[in-house]
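Here is work-v4.txt, consisting of compact mmCIF, C-alpha atoms:
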# COMPACT_ATOMS: atom_id res chain seq x y z
CA MET A 208 -12.69 -2.84 -86.51
CA GLU A 209 -14.29 -6.10 -85.42
CA GLN A 210 -12.44 -8.02 -88.14
CA PHE A 211 -9.15 -6.69 -86.81
CA ILE A 212 -9.34 -9.30 -84.07
CA SER A 213 -9.13 -12.13 -86.55
CA MET A 214 -6.57 -10.26 -88.62
CA TYR A 215 -4.50 -9.82 -85.46
CA ILE A 216 -4.77 -13.54 -84.67
CA ASP A 217 -3.81 -14.43 -88.24
CA ASN A 218 -0.96 -11.88 -88.47
CA GLU A 219 -2.68 -9.99 -91.25
CA LEU A 220 -2.67 -6.47 -89.80
CA SER A 221 -0.70 -3.68 -91.48
CA LEU A 222 1.28 -1.30 -89.29
CA ASP A 223 -1.47 1.33 -89.38
CA GLU A 224 -4.07 -1.27 -88.55
CA LYS A 225 -1.93 -2.47 -85.66
CA LYS A 226 -1.92 1.05 -84.25
CA LEU A 227 -5.69 1.24 -84.45
CA PHE A 228 -6.05 -2.22 -82.98
CA VAL A 229 -3.77 -1.60 -80.02
CA GLY A 230 -5.52 1.70 -79.35
CA GLN A 231 -8.89 0.03 -79.32
CA VAL A 232 -7.66 -2.74 -77.01
CA ALA A 233 -6.30 -0.09 -74.63
CA ILE A 234 -9.45 1.97 -74.32
CA ASN A 235 -12.29 -0.49 -74.89
CA LYS A 236 -12.74 -3.11 -72.18
CA ARG A 237 -15.39 -5.08 -74.05
CA TYR A 238 -13.20 -5.21 -77.14
CA ARG A 239 -10.23 -6.33 -75.04
CA GLU A 240 -12.26 -9.14 -73.48
CA GLU A 241 -13.43 -10.22 -76.91
CA VAL A 242 -9.83 -10.37 -78.12
CA LEU A 243 -8.80 -12.47 -75.13
CA ASP A 244 -11.79 -14.77 -75.55
CA LEU A 245 -11.04 -15.40 -79.21
CA LEU A 246 -7.36 -15.89 -78.47
CA GLU A 247 -8.26 -18.56 -75.94
CA GLN A 248 -10.54 -20.18 -78.48
CA GLU A 249 -7.73 -20.05 -81.02
CA LYS A 250 -5.41 -21.92 -78.69
CA LEU A 251 -7.93 -24.74 -78.42
CA LEU A 252 -8.58 -24.70 -82.12
CA ALA A 253 -4.92 -24.70 -83.10
CA GLY A 254 -4.29 -27.56 -80.68
CA ALA A 255 -7.07 -29.57 -82.26
CA LEU A 256 -5.89 -28.86 -85.78
CA VAL A 257 -2.25 -29.78 -85.45
CA HIS A 258 -1.90 -33.45 -86.28
CA ASP A 259 1.18 -35.32 -87.19
CA VAL A 260 0.79 -37.37 -90.31
CA ALA A 261 4.24 -38.84 -90.12
CA ASP A 262 3.30 -41.95 -92.06
CA LEU A 263 2.96 -40.00 -95.30
CA GLU A 264 5.50 -40.42 -98.05
CA MET A 265 7.04 -37.41 -99.72
CA PRO A 266 7.01 -37.78 -103.52
CA SER A 267 10.54 -38.05 -104.84
CA GLY A 268 10.05 -38.52 -108.55
CA LYS A 269 13.15 -40.68 -108.66
CA SER A 270 11.17 -43.88 -108.88
CA ALA A 271 8.06 -45.48 -107.51
CA ASN A 272 9.87 -45.83 -104.21
CA THR A 273 9.02 -43.60 -101.35
CA TRP A 274 11.22 -40.81 -100.12
CA HIS A 275 11.87 -42.85 -97.03
CA THR A 276 13.01 -45.79 -99.08
CA LEU A 277 15.09 -43.45 -101.18
CA GLY A 278 16.74 -42.14 -98.05
CA LEU A 279 17.56 -45.62 -96.87
CA GLY A 280 18.88 -46.50 -100.29
CA LEU A 281 21.02 -43.42 -100.29
CA ALA A 282 22.39 -44.27 -96.90
CA ALA A 283 23.22 -47.72 -98.16
CA CYS A 284 24.96 -46.50 -101.29
CA VAL A 285 26.97 -43.87 -99.51
CA ALA A 286 29.68 -46.43 -98.93
CA LEU A 287 29.93 -46.96 -102.66
CA CYS A 288 29.75 -43.41 -103.84
CA PHE A 289 31.69 -41.78 -101.07
CA SER A 290 34.93 -41.83 -103.01
CA PHE A 291 33.28 -39.48 -105.48
CA PHE A 292 32.55 -36.92 -102.80
CA ALA A 293 35.50 -37.40 -100.52
CA GLY A 294 37.35 -34.42 -101.95
CA SER A 295 34.68 -31.87 -101.29
CA PHE A 296 32.82 -33.20 -98.31
CA PHE A 297 33.96 -34.24 -94.86
CA PRO A 298 37.21 -36.11 -94.95
CA GLN A 299 37.08 -36.89 -91.24
CA THR A 300 34.27 -39.33 -91.70
CA VAL A 301 34.37 -43.05 -91.24
CA ASP A 302 36.51 -45.23 -93.40
CA GLN A 303 34.94 -46.06 -96.72
CA PRO A 304 35.83 -48.99 -98.90
CA PRO A 305 37.48 -48.11 -102.18
CA GLY A 306 35.26 -48.94 -105.07
CA ASN A 307 33.72 -47.87 -108.28
CA SER A 308 31.61 -44.78 -108.47
CA VAL A 309 27.93 -45.37 -109.07
CA ALA A 310 25.31 -43.11 -110.58
CA ILE A 311 24.77 -40.27 -108.17
CA VAL A 312 21.12 -39.64 -107.53
CA GLU A 313 21.62 -37.28 -104.62
CA ALA A 314 24.49 -35.37 -103.08
CA VAL A 315 25.06 -36.99 -99.74
CA ALA A 316 27.75 -36.08 -97.28
CA GLN A 317 28.86 -38.00 -94.27
CA HIS A 318 28.83 -35.63 -91.36
CA ARG A 319 30.40 -36.40 -88.03
CA PHE A 320 28.51 -34.96 -85.08
CA VAL A 321 30.47 -34.59 -81.86
CA ILE A 322 29.51 -33.20 -78.48
CA TYR A 323 31.20 -33.15 -75.10
CA GLN A 324 28.89 -34.46 -72.38
CA GLN A 325 30.99 -35.80 -69.55
CA GLY A 326 28.97 -37.84 -67.06
CA SER A 327 25.93 -38.33 -69.28
CA ALA A 328 24.46 -41.79 -69.69
CA GLN A 329 22.91 -41.26 -73.08
CA VAL A 330 23.25 -38.77 -75.92
CA GLU A 331 21.08 -38.78 -79.01
CA ILE A 332 20.63 -36.54 -82.01
CA THR A 333 17.42 -35.65 -83.80
CA GLY A 334 17.12 -33.52 -86.89
CA SER A 335 15.63 -32.98 -90.28
CA PHE A 336 18.16 -35.38 -91.81
CA THR A 337 16.94 -38.20 -89.55
CA GLY A 338 13.29 -37.43 -90.15
CA TRP A 339 13.36 -36.14 -86.56
CA GLN A 340 13.92 -39.65 -85.35
CA LYS A 341 16.38 -40.04 -82.48
CA VAL A 342 19.74 -41.55 -83.35
CA ALA A 343 22.09 -42.55 -80.56
CA LEU A 344 25.63 -41.22 -80.34
CA VAL A 345 28.37 -43.47 -79.02
CA PRO A 346 31.07 -42.53 -76.52
CA SER A 347 34.32 -41.57 -78.20
CA GLY A 348 36.72 -43.17 -75.77
CA THR A 349 36.42 -42.28 -72.11
CA ASN A 350 37.05 -38.55 -72.29
CA GLY A 351 33.40 -37.45 -72.32
CA TYR A 352 33.00 -36.96 -76.06
CA TRP A 353 30.13 -38.58 -77.92
CA GLU A 354 29.95 -38.97 -81.67
CA VAL A 355 28.01 -40.33 -84.59
CA THR A 356 28.52 -40.07 -88.33
CA LEU A 357 25.41 -39.75 -90.43
CA PRO A 358 24.61 -39.31 -94.12
CA VAL A 359 23.25 -35.83 -94.76
CA VAL A 360 21.91 -34.66 -98.10
CA SER A 361 22.94 -31.23 -99.27
CA GLY A 362 20.74 -28.42 -98.11
CA GLU A 363 19.82 -26.70 -94.88
CA HIS A 364 19.18 -28.90 -91.85
CA ARG A 365 18.01 -28.35 -88.31
CA TYR A 366 18.98 -30.58 -85.42
CA THR A 367 19.60 -30.79 -81.72
CA PHE A 368 21.17 -33.18 -79.27
CA ILE A 369 19.12 -34.93 -76.57
CA VAL A 370 21.07 -35.62 -73.41
CA ASP A 371 19.86 -38.35 -71.07
CA GLY A 372 16.58 -38.55 -72.91
CA LYS A 373 15.22 -35.17 -71.90
CA ARG A 374 17.65 -32.27 -72.08
CA LEU A 375 17.85 -30.59 -75.49
CA VAL A 376 21.29 -29.18 -76.26
CA PRO A 377 22.14 -27.30 -79.45
CA ASP A 378 25.44 -28.09 -81.10
CA PRO A 379 28.02 -25.86 -79.36
CA THR A 380 30.27 -26.02 -82.43
CA VAL A 381 27.65 -24.46 -84.71
CA ASP A 382 27.05 -20.72 -84.53
CA ILE A 383 23.77 -20.60 -86.42
CA GLN A 384 20.84 -21.48 -84.21
CA GLU A 385 17.09 -21.06 -84.38
CA ALA A 386 14.29 -21.41 -81.86
CA ASP A 387 11.58 -23.82 -82.89
CA ASP A 388 7.88 -23.66 -82.10
CA PHE A 389 8.30 -25.81 -79.02
CA GLY A 390 10.81 -23.71 -77.10
CA ALA A 391 13.87 -25.68 -78.13
CA ILE A 392 16.94 -24.28 -79.86
CA ASN A 393 17.97 -26.04 -83.04
CA SER A 394 21.37 -25.82 -84.66
CA ILE A 395 21.41 -25.17 -88.37
CA LEU A 396 23.73 -27.10 -90.62
CA VAL A 397 24.16 -26.15 -94.25
CA VAL A 398 25.63 -28.85 -96.44
CA GLU A 399 26.63 -27.75 -99.87
CA GLY A 400 27.11 -30.16 -102.70
CA LYS A 401 26.73 -30.58 -106.37
CA ALA A 402 23.69 -32.07 -107.99
CA MET B 40 20.01 -30.20 -104.79
CA GLU B 41 18.69 -26.87 -103.63
CA LYS B 42 15.41 -27.81 -105.31
CA VAL B 43 15.18 -30.99 -103.30
CA ALA B 44 15.77 -29.13 -100.04
CA THR B 45 13.23 -26.47 -101.03
CA TYR B 46 10.64 -29.05 -101.91
CA GLN B 47 11.29 -30.95 -98.71
CA ARG B 48 10.68 -27.74 -96.77
CA PHE B 49 7.44 -27.13 -98.68
CA TYR B 50 6.31 -30.68 -97.99
CA THR B 51 7.16 -30.46 -94.30
CA ASP B 52 5.49 -27.07 -93.94
CA GLN B 53 2.28 -28.04 -95.68
CA LYS B 54 1.56 -31.69 -94.91
CA ASN B 55 -0.02 -31.20 -91.48
CA ARG B 56 -1.90 -28.12 -92.61
CA LEU B 57 -3.29 -29.96 -95.58
CA PHE B 58 -4.19 -32.97 -93.50
CA SER B 59 -6.00 -30.80 -90.93
CA TYR B 60 -7.83 -28.98 -93.69
CA LEU B 61 -8.98 -32.22 -95.30
CA PHE B 62 -9.85 -33.80 -92.00
CA PHE B 63 -12.15 -30.93 -91.14
CA ARG B 64 -13.65 -31.04 -94.60
CA CYS B 65 -14.44 -34.75 -94.62
CA GLY B 66 -14.32 -35.78 -90.95
CA ASP B 67 -12.45 -39.00 -91.71
CA ARG B 68 -8.83 -39.34 -90.68
CA GLU B 69 -8.00 -42.11 -93.14
CA VAL B 70 -9.61 -40.35 -96.07
CA ALA B 71 -7.81 -37.14 -95.13
CA ARG B 72 -4.52 -38.98 -94.94
CA ASP B 73 -5.00 -40.70 -98.30
CA ILE B 74 -6.03 -37.51 -100.06
CA THR B 75 -3.13 -35.61 -98.50
CA GLN B 76 -0.81 -38.24 -99.92
CA GLU B 77 -2.56 -38.21 -103.27
CA SER B 78 -2.48 -34.41 -103.47
CA PHE B 79 1.26 -34.23 -102.92
CA THR B 80 1.77 -36.93 -105.53
CA ARG B 81 -0.41 -35.15 -108.09
CA HIS B 82 1.25 -31.81 -107.36
CA PHE B 83 4.69 -33.32 -107.72
CA LYS B 84 3.85 -35.12 -110.95
CA GLN B 85 2.38 -32.00 -112.46
CA TYR B 86 4.81 -29.36 -111.26
CA GLY B 87 7.89 -31.12 -109.93
CA THR B 88 10.07 -29.12 -107.59
CA ALA B 89 9.97 -25.78 -109.41
CA GLN B 90 10.01 -23.12 -106.73
CA LYS B 91 7.37 -20.97 -108.39
CA THR B 92 4.89 -23.82 -108.17
CA LEU B 93 5.46 -24.53 -104.48
CA ILE B 94 2.41 -22.49 -103.59
CA PRO B 95 0.04 -23.63 -100.85
CA SER B 96 -3.08 -22.54 -102.75
CA LEU B 97 -2.03 -24.68 -105.71
CA LEU B 98 -1.57 -27.74 -103.53
CA PHE B 99 -4.83 -27.09 -101.68
CA THR B 100 -6.71 -26.64 -104.95
CA ILE B 101 -5.53 -30.09 -106.00
CA ALA B 102 -6.62 -31.44 -102.63
CA ARG B 103 -10.06 -29.82 -102.87
CA ASN B 104 -10.60 -31.34 -106.29
CA ALA B 105 -9.39 -34.74 -105.09
CA LEU B 106 -11.78 -34.57 -102.15
CA VAL B 107 -14.69 -33.65 -104.42
CA ASP B 108 -13.80 -36.59 -106.68
CA TYR B 109 -13.66 -38.91 -103.70
CA GLN B 110 -16.97 -37.73 -102.30
CA ARG B 111 -18.64 -37.91 -105.69
CA ASN B 112 -17.45 -41.47 -106.24
CA ARG B 113 -18.41 -42.49 -102.76
CA TYR B 114 -21.84 -40.99 -103.21
CA LYS B 115 -22.29 -42.88 -106.48
CA GLN B 116 -21.26 -46.12 -104.83
CA ASN B 117 -23.56 -45.70 -101.89
CA THR B 118 -26.42 -43.40 -102.65
CA LEU B 119 -28.35 -44.66 -99.66
CA ASN B 120 -25.69 -43.35 -97.34
CA PRO B 121 -24.52 -40.00 -98.63
CA PRO B 122 -21.28 -38.72 -97.15
CA GLN B 123 -21.59 -36.93 -93.87
CA VAL B 124 -19.07 -35.16 -91.75
CA VAL B 125 -18.41 -37.37 -88.77
CA ILE B 126 -16.30 -35.79 -86.10
CA PRO B 127 -14.59 -38.37 -83.88
CA ASP B 128 -15.90 -38.52 -80.34
CA GLU B 129 -13.98 -38.64 -77.09
CA GLU B 130 -13.43 -42.36 -77.39
CA SER B 131 -11.42 -41.87 -80.51
CA THR B 132 -7.76 -42.48 -80.12
CA PHE B 133 -7.27 -39.52 -82.38
CA ILE B 134 -8.66 -36.95 -80.02
CA ARG B 135 -7.79 -37.45 -76.41
CA LYS B 136 -8.53 -34.21 -74.73
CA GLU B 137 -12.02 -33.28 -73.80
CA GLU B 138 -11.56 -29.69 -74.84
CA HIS B 139 -10.41 -30.83 -78.27
CA SER B 140 -13.44 -33.04 -78.53
CA ARG B 141 -15.64 -30.11 -77.62
CA ILE B 142 -14.12 -27.79 -80.16
CA LEU B 143 -14.28 -30.47 -82.83
CA GLN B 144 -17.96 -30.93 -82.12
CA ALA B 145 -18.43 -27.21 -82.51
CA MET B 146 -16.45 -27.23 -85.74
CA GLY B 147 -18.69 -30.00 -86.97
CA LYS B 148 -21.67 -27.72 -86.50
CA LEU B 149 -20.22 -24.91 -88.59
CA SER B 150 -21.34 -24.62 -92.17
CA GLU B 151 -18.95 -26.28 -94.60
CA GLN B 152 -17.90 -22.88 -95.92
CA ASP B 153 -17.14 -21.51 -92.46
CA ARG B 154 -15.31 -24.67 -91.43
CA GLU B 155 -13.21 -24.60 -94.57
CA ILE B 156 -12.10 -20.99 -94.36
CA LEU B 157 -11.48 -21.14 -90.62
CA THR B 158 -9.39 -24.29 -90.95
CA LEU B 159 -7.29 -22.60 -93.61
CA ALA B 160 -6.75 -19.49 -91.50
CA VAL B 161 -5.96 -21.39 -88.32
CA GLY B 162 -3.62 -23.60 -90.34
CA GLY B 163 -1.58 -20.50 -91.12
CA MET B 164 -2.49 -19.86 -94.73
CA ALA B 165 -2.24 -16.18 -95.63
CA TYR B 166 -5.47 -14.40 -96.50
CA LYS B 167 -4.09 -13.73 -99.97
CA GLU B 168 -3.58 -17.46 -100.49
CA ILE B 169 -7.03 -18.24 -99.09
CA GLY B 170 -8.52 -15.73 -101.50
CA ALA B 171 -6.71 -17.36 -104.41
CA LEU B 172 -7.84 -20.81 -103.32
CA LEU B 173 -11.50 -19.95 -102.73
CA ASP B 174 -11.75 -17.29 -105.42
CA LEU B 175 -12.56 -14.55 -102.94
CA SER B 176 -11.31 -11.01 -102.52
CA ILE B 177 -9.07 -10.37 -99.52
CA ALA B 178 -11.77 -8.11 -98.07
CA ASN B 179 -14.22 -10.97 -98.35
CA VAL B 180 -11.77 -13.36 -96.74
CA LYS B 181 -11.38 -10.99 -93.77
CA VAL B 182 -15.11 -10.85 -93.26
CA ARG B 183 -15.68 -14.58 -93.63
CA VAL B 184 -12.81 -15.66 -91.41
CA HIS B 185 -13.95 -13.46 -88.59
CA ARG B 186 -17.56 -14.43 -89.04
CA ALA B 187 -16.57 -18.09 -88.82
CA ARG B 188 -14.64 -17.45 -85.62
CA LYS B 189 -17.59 -15.63 -84.09
CA THR B 190 -19.96 -18.40 -85.06
CA LEU B 191 -17.64 -20.95 -83.49
CA GLN B 192 -17.48 -18.82 -80.36
CA GLU B 193 -21.26 -18.87 -80.14
CA LEU B 194 -21.35 -22.63 -80.68
CA LEU B 195 -18.83 -23.11 -77.92
CA SER B 196 -20.85 -21.15 -75.46
CA ASP B 197 -22.52 -23.28 -72.82
CA LYS B 198 -25.92 -22.56 -74.21
CA VAL B 199 -25.21 -24.36 -77.46
CA ILE B 200 -22.68 -27.16 -76.88
Here is the file; what I need is its structure written in the form of structure tokens.
Amino acid sequence: MEQFISMYIDNELSLDEKKLFVGQVAINKRYREEVLDLLEQEKLLAGALVHDVADLEMPSGKSANTWHTLGLGLAACVALCFSFFAGSFFPQTVDQPPGNSVAIVEAVAQHRFVIYQQGSAQVEITGSFTGWQKVALVPSGTNGYWEVTLPVVSGEHRYTFIVDGKRLVPDPTVDIQEADDFGAINSILVVEGKA
Amino acid sequence: MEKVATYQRFYTDQKNRLFSYLFFRCGDREVARDITQESFTRHFKQYGTAQKTLIPSLLFTIARNALVDYQRNRYKQNTLNPPQVVIPDEESTFIRKEEHSRILQAMGKLSEQDREILTLAVGGMAYKEIGALLDLSIANVKVRVHRARKTLQELLSDKVI
């Protein structure tokens, strides 16, 4: 029964074990205090363990270049290879120069993000496709719309808008949303493409 | 393309966990960072993006071996100064909060086995995965994880730290 406390903390209890655990917490004051004490300890421990090692490079296997470099390269070559994808991806994207197709190393779509934020001084977007770096949107005329077009590789992406540097706003045009671990709501964008 | 997205998710999910695990094993942020990088590279070279190989215990096994290699080499190079776990103090830019410093000091006093299994559990690795990584039964993992937590609790009590 003592181990149930750690199993509870680590989400390892079965349904039957949960029943036993909750019953014990309800009737045994000492046990309850022990649970609360270890939960408090866990908060400290989890806080100490979570570190951001953002300067790592994800292996890509495409070359000796880093994933980051690959991403920048992809962004740069989008202009060249866009004509290849224009039929199946987002035709509303920025003008692309006509040109020859190049070897496609990754399916990349240009996606236009738009949000209405009348009266805001600044709107940014952050998401998995930007490496969670903030990218500024620009006003689309004077009617309160903000926009930016970004290269997005095929797959499932999470993102949110940041209004005036502090207010997180999910994309109102996207139905699928998900709460993250920090209390924010992310929109989920699925970009399909061929390999 | 789905493989790339799946691998990216695996990488994102595991990189901080692996870094934390290595940091608490070796006590050196730079070494932990380098071995985290090296482990992902080795895993990728060996298994690519195949979904069935995107298993935390596999990645962590590679990391454990890489850490052992590093420590062995370092020990050979400097036998007068064998490797020791050095937990950064409050002055470190890495740890800013006093309570974090305190809990890190306590973690530094745990046995290596307790520190390892507790770091894995707190990092979110399932007991089944921990068992596979450390070659322990799930029942044994349950016992050891809780024992490590209790030991840490005792170390954190005012009488000890």
Quiz prompt | Using only C-alpha atoms: which of A:Val397, A:Leu220, A:Leu263, A:Leu243 has the shortest distance to Thr80 in chain B | solution = A:Leu263
Quiz item: What is the CA of Pro377 in chain A to CA of Thr333 in chain A distance in Å?
Solution: 10.5 Å
Practice problem: Using all atoms listed in the file, give me every residue within 12 Å of (-4.3, -26.2, -94.5) in file coordinates, as a ChimeraX atom specification. | Solution: /A:253,256-258 /B:52-64,71,75,94-100,102-103,154-165,168-169,172
Give me a file of those residues, with C-alpha atoms, as a PDB file, in the frame of the given file.
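Printed below is selection-v8.pdb as written:
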ATOM      1  CA  ALA A 253      -4.920 -24.700 -83.100  1.00  0.00           C
ATOM      2  CA  LEU A 256      -5.890 -28.860 -85.780  1.00  0.00           C
ATOM      3  CA  VAL A 257      -2.250 -29.780 -85.450  1.00  0.00           C
ATOM      4  CA  HIS A 258      -1.900 -33.450 -86.280  1.00  0.00           C
TER       5      HIS A 258
ATOM      6  CA  ASP B  52       5.490 -27.070 -93.940  1.00  0.00           C
ATOM      7  CA  GLN B  53       2.280 -28.040 -95.680  1.00  0.00           C
ATOM      8  CA  LYS B  54       1.560 -31.690 -94.910  1.00  0.00           C
ATOM      9  CA  ASN B  55      -0.020 -31.200 -91.480  1.00  0.00           C
ATOM     10  CA  ARG B  56      -1.900 -28.120 -92.610  1.00  0.00           C
ATOM     11  CA  LEU B  57      -3.290 -29.960 -95.580  1.00  0.00           C
ATOM     12  CA  PHE B  58      -4.190 -32.970 -93.500  1.00  0.00           C
ATOM     13  CA  SER B  59      -6.000 -30.800 -90.930  1.00  0.00           C
ATOM     14  CA  TYR B  60      -7.830 -28.980 -93.690  1.00  0.00           C
ATOM     15  CA  LEU B  61      -8.980 -32.220 -95.300  1.00  0.00           C
ATOM     16  CA  PHE B  62      -9.850 -33.800 -92.000  1.00  0.00           C
ATOM     17  CA  PHE B  63     -12.150 -30.930 -91.140  1.00  0.00           C
ATOM     18  CA  ARG B  64     -13.650 -31.040 -94.600  1.00  0.00           C
ATOM     19  CA  ALA B  71      -7.810 -37.140 -95.130  1.00  0.00           C
ATOM     20  CA  THR B  75      -3.130 -35.610 -98.500  1.00  0.00           C
ATOM     21  CA  ILE B  94       2.410 -22.490-103.590  1.00  0.00           C
ATOM     22  CA  PRO B  95       0.040 -23.630-100.850  1.00  0.00           C
ATOM     23  CA  SER B  96      -3.080 -22.540-102.750  1.00  0.00           C
ATOM     24  CA  LEU B  97      -2.030 -24.680-105.710  1.00  0.00           C
ATOM     25  CA  LEU B  98      -1.570 -27.740-103.530  1.00  0.00           C
ATOM     26  CA  PHE B  99      -4.830 -27.090-101.680  1.00  0.00           C
ATOM     27  CA  THR B 100      -6.710 -26.640-104.950  1.00  0.00           C
ATOM     28  CA  ALA B 102      -6.620 -31.440-102.630  1.00  0.00           C
ATOM     29  CA  ARG B 103     -10.060 -29.820-102.870  1.00  0.00           C
ATOM     30  CA  ARG B 154     -15.310 -24.670 -91.430  1.00  0.00           C
ATOM     31  CA  GLU B 155     -13.210 -24.600 -94.570  1.00  0.00           C
ATOM     32  CA  ILE B 156     -12.100 -20.990 -94.360  1.00  0.00           C
ATOM     33  CA  LEU B 157     -11.480 -21.140 -90.620  1.00  0.00           C
ATOM     34  CA  THR B 158      -9.390 -24.290 -90.950  1.00  0.00           C
ATOM     35  CA  LEU B 159      -7.290 -22.600 -93.610  1.00  0.00           C
ATOM     36  CA  ALA B 160      -6.750 -19.490 -91.500  1.00  0.00           C
ATOM     37  CA  VAL B 161      -5.960 -21.390 -88.320  1.00  0.00           C
ATOM     38  CA  GLY B 162      -3.620 -23.600 -90.340  1.00  0.00           C
ATOM     39  CA  GLY B 163      -1.580 -20.500 -91.120  1.00  0.00           C
ATOM     40  CA  MET B 164      -2.490 -19.860 -94.730  1.00  0.00           C
ATOM     41  CA  ALA B 165      -2.240 -16.180 -95.630  1.00  0.00           C
ATOM     42  CA  GLU B 168      -3.580 -17.460-100.490  1.00  0.00           C
ATOM     43  CA  ILE B 169      -7.030 -18.240 -99.090  1.00  0.00           C
ATOM     44  CA  LEU B 172      -7.840 -20.810-103.320  1.00  0.00           C
TER      45      LEU B 172
END
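Atom pair CA of Ser140 in chain B / CA of His185 in chain B: separated by 22.0 Å.
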Practice problem: Write out as a list of chain:residue names the residues lying within 12 Å of Leu194 in chain B, counting only C-alpha atoms and excluding same-chain residues fewer than 2 positions away. | Solution: A:Gln248, B:Arg141, B:Ile142, B:Leu143, B:Gln144, B:Ala145, B:Met146, B:Gly147, B:Lys148, B:Leu149, B:Ser150, B:Ala187, B:Arg188, B:Lys189, B:Thr190, B:Leu191, B:Gln192, B:Ser196, B:Asp197, B:Lys198, B:Val199, B:Ile200
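We find CA of Leu396 in chain A and CA of Pro266 in chain A to be spaced 23.7 Å apart.
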Quiz prompt | Counting all atoms listed in the file, the residue of A:Tyr323, A:Ser213, A:Tyr366, A:Gly372 that sits nearest chain B | solution = A:Ser213
Quiz item: Near Lys181 in chain B, counting only C-alpha atoms, which residues have an atom at most 9 Å away, once you skip same-chain residues fewer than 6 positions from it, shown as a list in words?
Solution: Gln210, Phe211, Ser213 and Met214 of chain A; Tyr166 of chain B
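Proximity ranking of B:Leu195, B:Ala171, B:Cys65, B:Ala89 relative to Leu106 in chain B places B:Cys65 first, based on only C-alpha atoms.
With only the atoms specified (all atoms listed in the file) counting, those residues at most 7 Å away from (11.9, -28.3, -91.6) are Ser335 and Arg365 of chain A; Arg48, Thr51 and Asp52 of chain B.
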